[in-house]
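Undergrad: Sharing start-v4.txt (compact mmCIF, C-alpha atoms) below.
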```txt
# COMPACT_ATOMS: atom_id res chain seq x y z
CA MET S 1 17.53 -30.28 11.16
CA ILE S 2 13.87 -30.53 12.14
CA ARG S 3 14.12 -33.62 14.32
CA SER S 4 17.45 -35.08 15.23
CA THR S 5 18.72 -37.84 17.43
CA PRO S 6 21.89 -37.80 19.50
CA GLN S 7 23.42 -40.12 16.88
CA GLN S 8 22.57 -37.74 14.02
CA ARG S 9 23.94 -34.76 15.93
CA ALA S 10 27.17 -36.62 16.72
CA ILE S 11 27.62 -37.68 13.09
CA LEU S 12 26.86 -34.22 11.76
CA GLU S 13 29.15 -32.47 14.24
CA TYR S 14 31.98 -34.84 13.39
CA LEU S 15 31.55 -34.40 9.64
CA GLN S 16 31.26 -30.64 9.86
CA GLY S 17 34.49 -30.51 11.87
CA SER S 18 36.43 -32.96 9.70
CA ARG S 19 38.28 -32.36 6.46
CA ALA S 20 39.11 -36.06 6.10
CA HIS S 21 35.99 -37.10 4.16
CA PRO S 22 35.63 -40.18 6.36
CA ALA S 23 34.02 -43.48 5.44
CA ALA S 24 31.23 -44.95 7.60
CA ASP S 25 33.64 -47.12 9.61
CA MET S 26 35.75 -44.08 10.55
CA ILE S 27 32.61 -42.20 11.54
CA TYR S 28 31.48 -45.16 13.63
CA GLU S 29 34.81 -45.30 15.50
CA HIS S 30 34.62 -41.60 16.29
CA VAL S 31 30.93 -41.50 17.31
CA ARG S 32 31.13 -44.55 19.55
CA GLN S 33 33.70 -42.76 21.72
CA ASP S 34 30.82 -40.57 22.94
CA LEU S 35 27.97 -43.01 22.29
CA PRO S 36 29.42 -46.47 23.04
CA LYS S 37 26.17 -48.34 22.36
CA VAL S 38 25.78 -47.01 18.80
CA SER S 39 25.70 -49.72 16.13
CA MET S 40 27.14 -49.70 12.64
CA GLY S 41 23.61 -50.08 11.28
CA THR S 42 22.59 -46.90 13.10
CA ILE S 43 25.53 -45.07 11.56
CA TYR S 44 24.61 -46.21 8.03
CA ARG S 45 20.93 -45.38 8.50
CA ASN S 46 21.67 -41.92 9.87
CA LEU S 47 24.22 -41.18 7.16
CA GLU S 48 21.64 -41.98 4.49
CA ASN S 49 19.05 -39.82 6.26
CA LEU S 50 21.49 -36.91 6.55
CA VAL S 51 22.34 -37.22 2.84
CA ARG S 52 18.67 -37.45 1.87
CA ASP S 53 17.82 -34.38 3.95
CA GLY S 54 20.67 -32.38 2.42
CA HIS S 55 22.77 -31.98 5.58
CA ILE S 56 25.83 -33.81 4.20
CA THR S 57 27.01 -35.11 0.85
CA LYS S 58 28.08 -38.61 -0.11
CA LEU S 59 31.13 -39.15 -2.29
CA ASP S 60 30.42 -42.32 -4.22
CA MET S 61 33.67 -43.16 -5.99
CA PRO S 62 34.17 -46.20 -8.22
CA GLY S 63 36.33 -48.86 -6.58
CA ALA S 64 36.40 -47.14 -3.19
CA GLN S 65 34.34 -46.91 -0.02
CA LYS S 66 31.66 -44.26 0.09
CA ARG S 67 32.96 -41.20 1.89
CA TYR S 68 31.01 -38.36 3.48
CA ASP S 69 31.46 -34.60 3.51
CA GLY S 70 29.90 -32.15 5.96
CA ASP S 71 30.99 -29.07 4.01
CA LEU S 72 28.04 -28.02 1.85
CA ARG S 73 29.80 -25.15 0.11
CA ALA S 74 30.15 -25.67 -3.65
CA HIS S 75 33.41 -27.50 -4.21
CA HIS S 76 35.03 -30.46 -5.90
CA HIS S 77 37.48 -33.10 -4.71
CA VAL S 78 40.93 -34.47 -5.45
CA ARG S 79 41.73 -38.09 -4.50
CA CYS S 80 45.13 -39.72 -4.25
CA ASP S 81 45.35 -42.90 -6.33
CA LEU S 82 47.71 -44.55 -3.85
CA CYS S 83 46.64 -43.69 -0.31
CA GLY S 84 43.04 -42.58 -0.96
CA THR S 85 43.40 -39.20 0.73
CA ILE S 86 40.70 -36.78 -0.39
CA ALA S 87 41.12 -33.01 -0.43
CA ASP S 88 38.64 -30.24 -1.13
CA LEU S 89 39.08 -28.12 -4.22
CA PHE S 90 37.37 -24.75 -4.08
CA ALA S 91 37.45 -23.47 -7.63
CA THR S 92 34.98 -21.60 -9.74
CA GLU S 93 32.02 -23.64 -10.87
CA PRO S 94 32.36 -24.98 -14.40
CA THR S 95 29.45 -22.94 -15.73
CA GLN S 96 30.22 -23.59 -19.40
CA LEU S 97 30.22 -27.34 -18.78
CA ALA S 98 26.85 -27.04 -17.02
CA LYS S 99 25.42 -25.04 -19.93
CA THR S 100 26.67 -27.65 -22.38
CA ALA S 101 25.18 -30.46 -20.28
CA GLU S 102 21.81 -28.68 -20.23
CA SER S 103 21.76 -27.98 -23.95
CA GLU S 104 22.87 -31.48 -24.97
CA THR S 105 20.66 -33.43 -22.57
CA GLY S 106 17.66 -31.24 -21.80
CA PHE S 107 18.41 -31.57 -18.09
CA THR S 108 18.24 -28.65 -15.70
CA ILE S 109 21.55 -28.76 -13.86
CA HIS S 110 21.35 -28.20 -10.09
CA GLY S 111 24.91 -29.07 -9.18
CA CYS S 112 28.09 -30.78 -10.17
CA GLN S 113 30.75 -32.85 -8.47
CA ILE S 114 34.08 -33.28 -10.14
CA LEU S 115 36.65 -35.72 -8.77
CA PHE S 116 40.24 -35.27 -9.84
CA SER S 117 42.67 -38.12 -9.23
CA GLY S 118 46.42 -38.12 -8.91
CA LEU S 119 49.14 -38.44 -6.29
CA CYS S 120 49.20 -36.43 -3.07
CA SER S 121 52.45 -34.73 -2.09
CA SER S 122 53.24 -37.43 0.49
CA CYS S 123 52.87 -40.26 -2.04
CA GLN S 124 54.86 -38.28 -4.62
CA LYS S 125 57.68 -37.97 -2.10
CA GLN S 126 57.58 -41.69 -1.27
CA SER S 127 57.59 -42.57 -4.99
CA ALA S 128 60.59 -40.31 -5.62
CA GLU S 129 62.51 -41.89 -2.72
CA ALA S 130 61.83 -45.47 -3.89
```
Have the structure of the file written as structure tokens, please.
TA:
Amino acid sequence: MIRSTPQQRAILEYLQGSRAHPAADMIYEHVRQDLPKVSMGTIYRNLENLVRDGHITKLDMPGAQKRYDGDLRAHHHVRCDLCGTIADLFATEPTQLAKTAESETGFTIHGCQILFSGLCSSCQKQSAEA
């Protein structure tokens, strides 16, 4: 980070230490424990700046709040359809899919995010007990 504010540092530290893929409101609640005067607008603005500058990634999922990830290693995600829990999936990159995308579209592929959906083990257990 070339120039960072205390708010950006707090957001980035939280995201890099979290595996929860939090939404902006969760980030706000955490950051304001250390910076009580921070506003929600400041959180949103800094999240967008951190995404733009490549320090974090944004998970933009249809029908759900945007979530943020501080882990920049190549990986995909799995989301529970019931509770919304998101987990990281570190699997080999789908290189054949990327090659197909390039050949069929003429794009140069720089990255890929795949989101699997299903039921987490906790929701599976609750469904089985019901």
Undergrad: Which protein, DNA or RNA residues are at most 9 Å from (22.4, -40.9, -1.2) in the file's coordinates when you count all atoms listed in the file, listed as number ranges by chain?
TA: S: 47-52, 57-60
Undergrad: Using all atoms listed in the file, which of the listed residues (S:Ile86, S:Leu15, S:Ala64, S:Ala91) sits closest to S:Gly118?
TA: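 Of the candidates, the smallest distance to S:Gly118 is held by S:Ile86.
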Undergrad: Counting all atoms listed in the file, which of S:Gln7, S:Thr108, S:Gln16, S:Gln65 gets nearest to S:Gly41?
TA: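 Closest to S:Gly41, using all atoms listed in the file: S:Gln7.
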Undergrad: Which residue gives the smallest distance to S:Gly84 among S:Pro6, S:Gly63, S:Gly111, S:Gly70, with only C-alpha atoms counted?
TA: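 Distance minimum relative to S:Gly84 lands on S:Gly63.
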Undergrad: What gap, in Å, lies between atom CA of S:Gln33 and atom CA of S:Arg45?
TA: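 Separation of atom CA of S:Gln33 and atom CA of S:Arg45: 18.6 Å.
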Undergrad: Quick one, how far is atom CA of S:Glu13 from atom CA of S:Asp81?
TA: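 Computing it gives 28.2 Å between the two atoms.
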Undergrad: When you count all atoms listed in the file, which of these residues is closest to S:Tyr68: S:Pro22, S:Gly54, S:Gly17, S:Pro36?
TA: S:Pro22
Undergrad: Give me the residues within 7 Å of stretch 75-77 of chain S as a ChimeraX atom specification, counting all atoms listed in the file and dropping any in the same chain fewer than 5 places off.
TA: /S:86-91,113-116
Undergrad: I'd like to know which of S:Ala128, S:Leu35, S:Ile11, S:Leu97 is closest to S:Asp69, using all atoms listed in the file.
TA: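 Closest residue, counting all atoms listed in the file: S:Ile11.
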Undergrad: Figure out the distance between atom CA of S:Cys120 and atom CA of S:Tyr14, please, to one decimal in Å.
TA: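 Calculated distance between atom CA of S:Tyr14 and atom CA of S:Cys120 is 23.9 Å.
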Undergrad: Could you tell me which of S:Ser4, S:Ser127, S:Asp71, S:Asp34 comes closest to S:His21 if we count only C-alpha atoms?
TA: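 Once distances to S:His21 are computed over only C-alpha atoms, the minimum belongs to S:Asp71.
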Undergrad: Give me, as a short mmCIF file (atom, residue, chain, number, x, y, z; two decimals) with C-alpha atoms, in the coordinates of the input, all polymer residues having an atom no more than 8 Å from S:Tyr28, counting all atoms listed in the file and skipping those fewer than 5 positions away in the same chain.
TA:
```cif
data_model
loop_
_atom_site.label_atom_id
_atom_site.label_comp_id
_atom_site.auth_asym_id
_atom_site.auth_seq_id
_atom_site.Cartn_x
_atom_site.Cartn_y
_atom_site.Cartn_z
CA VAL S 38 25.78 -47.01 18.80
CA SER S 39 25.70 -49.72 16.13
CA MET S 40 27.14 -49.70 12.64
CA ILE S 43 25.53 -45.07 11.56
#
```
Undergrad: Rebuild stretch 94-124 of chain S so that it carries N, CA and C atoms, then output the result as a JSON list (two decimals), in the coordinates of the input.
TA:
```
[["chain", "number", "residue", "atom", "x", "y", "z"],
["S", 94, "PRO", "N", 32.19, -24.85, -12.95],
["S", 94, "PRO", "CA", 32.36, -24.98, -14.40],
["S", 94, "PRO", "C", 31.05, -24.64, -15.13],
["S", 95, "THR", "N", 30.75, -23.36, -15.20],
["S", 95, "THR", "CA", 29.45, -22.94, -15.73],
["S", 95, "THR", "C", 29.29, -23.31, -17.20],
["S", 96, "GLN", "N", 30.35, -23.24, -17.98],
["S", 96, "GLN", "CA", 30.22, -23.59, -19.40],
["S", 96, "GLN", "C", 29.89, -25.08, -19.55],
["S", 97, "LEU", "N", 30.51, -25.91, -18.75],
["S", 97, "LEU", "CA", 30.22, -27.34, -18.78],
["S", 97, "LEU", "C", 28.76, -27.60, -18.41],
["S", 98, "ALA", "N", 28.26, -26.89, -17.42],
["S", 98, "ALA", "CA", 26.85, -27.04, -17.02],
["S", 98, "ALA", "C", 25.92, -26.61, -18.14],
["S", 99, "LYS", "N", 26.25, -25.50, -18.81],
["S", 99, "LYS", "CA", 25.42, -25.04, -19.93],
["S", 99, "LYS", "C", 25.41, -26.05, -21.06],
["S", 100, "THR", "N", 26.58, -26.63, -21.34],
["S", 100, "THR", "CA", 26.67, -27.65, -22.38],
["S", 100, "THR", "C", 25.85, -28.88, -22.01],
["S", 101, "ALA", "N", 25.95, -29.30, -20.74],
["S", 101, "ALA", "CA", 25.18, -30.46, -20.28],
["S", 101, "ALA", "C", 23.69, -30.21, -20.43],
["S", 102, "GLU", "N", 23.24, -29.01, -20.09],
["S", 102, "GLU", "CA", 21.81, -28.68, -20.23],
["S", 102, "GLU", "C", 21.38, -28.69, -21.69],
["S", 103, "SER", "N", 22.16, -28.07, -22.55],
["S", 103, "SER", "CA", 21.76, -27.98, -23.95],
["S", 103, "SER", "C", 21.80, -29.33, -24.65],
["S", 104, "GLU", "N", 22.75, -30.17, -24.30],
["S", 104, "GLU", "CA", 22.87, -31.48, -24.97],
["S", 104, "GLU", "C", 21.93, -32.54, -24.43],
["S", 105, "THR", "N", 21.48, -32.38, -23.18],
["S", 105, "THR", "CA", 20.66, -33.43, -22.57],
["S", 105, "THR", "C", 19.23, -33.01, -22.26],
["S", 106, "GLY", "N", 18.98, -31.70, -22.20],
["S", 106, "GLY", "CA", 17.66, -31.24, -21.80],
["S", 106, "GLY", "C", 17.47, -31.22, -20.29],
["S", 107, "PHE", "N", 18.49, -31.60, -19.54],
["S", 107, "PHE", "CA", 18.41, -31.57, -18.09],
["S", 107, "PHE", "C", 18.50, -30.13, -17.60],
["S", 108, "THR", "N", 17.96, -29.88, -16.42],
["S", 108, "THR", "CA", 18.24, -28.65, -15.70],
["S", 108, "THR", "C", 19.28, -29.02, -14.66],
["S", 109, "ILE", "N", 20.44, -28.41, -14.74],
["S", 109, "ILE", "CA", 21.55, -28.76, -13.86],
["S", 109, "ILE", "C", 21.42, -28.02, -12.54],
["S", 110, "HIS", "N", 21.44, -28.77, -11.44],
["S", 110, "HIS", "CA", 21.35, -28.20, -10.09],
["S", 110, "HIS", "C", 22.70, -28.19, -9.39],
["S", 111, "GLY", "N", 23.62, -29.00, -9.84],
["S", 111, "GLY", "CA", 24.91, -29.07, -9.18],
["S", 111, "GLY", "C", 25.84, -29.97, -9.94],
["S", 112, "CYS", "N", 27.06, -30.00, -9.49],
["S", 112, "CYS", "CA", 28.09, -30.78, -10.17],
["S", 112, "CYS", "C", 29.14, -31.18, -9.16],
["S", 113, "GLN", "N", 29.62, -32.41, -9.27],
["S", 113, "GLN", "CA", 30.75, -32.85, -8.47],
["S", 113, "GLN", "C", 31.80, -33.38, -9.41],
["S", 114, "ILE", "N", 32.97, -32.83, -9.32],
["S", 114, "ILE", "CA", 34.08, -33.28, -10.14],
["S", 114, "ILE", "C", 35.11, -33.88, -9.20],
["S", 115, "LEU", "N", 35.63, -35.06, -9.56],
["S", 115, "LEU", "CA", 36.65, -35.72, -8.77],
["S", 115, "LEU", "C", 37.91, -35.84, -9.62],
["S", 116, "PHE", "N", 38.95, -35.15, -9.20],
["S", 116, "PHE", "CA", 40.24, -35.27, -9.84],
["S", 116, "PHE", "C", 41.01, -36.38, -9.14],
["S", 117, "SER", "N", 41.84, -37.10, -9.86],
["S", 117, "SER", "CA", 42.67, -38.12, -9.23],
["S", 117, "SER", "C", 44.13, -37.87, -9.58],
["S", 118, "GLY", "N", 45.00, -38.30, -8.71],
["S", 118, "GLY", "CA", 46.42, -38.12, -8.91],
["S", 118, "GLY", "C", 47.17, -38.61, -7.70],
["S", 119, "LEU", "N", 48.34, -38.06, -7.45],
["S", 119, "LEU", "CA", 49.14, -38.44, -6.29],
["S", 119, "LEU", "C", 49.29, -37.26, -5.35],
["S", 120, "CYS", "N", 49.01, -37.49, -4.06],
["S", 120, "CYS", "CA", 49.20, -36.43, -3.07],
["S", 120, "CYS", "C", 50.70, -36.18, -2.89],
["S", 121, "SER", "N", 51.04, -35.09, -2.24],
["S", 121, "SER", "CA", 52.45, -34.73, -2.09],
["S", 121, "SER", "C", 53.22, -35.79, -1.29],
["S", 122, "SER", "N", 52.57, -36.40, -0.31],
["S", 122, "SER", "CA", 53.24, -37.43, 0.49],
["S", 122, "SER", "C", 53.57, -38.66, -0.36],
["S", 123, "CYS", "N", 52.63, -39.10, -1.18],
["S", 123, "CYS", "CA", 52.87, -40.26, -2.04],
["S", 123, "CYS", "C", 53.88, -39.93, -3.14],
["S", 124, "GLN", "N", 53.86, -38.69, -3.64],
["S", 124, "GLN", "CA", 54.86, -38.28, -4.62],
["S", 124, "GLN", "C", 56.26, -38.39, -4.03]]
```
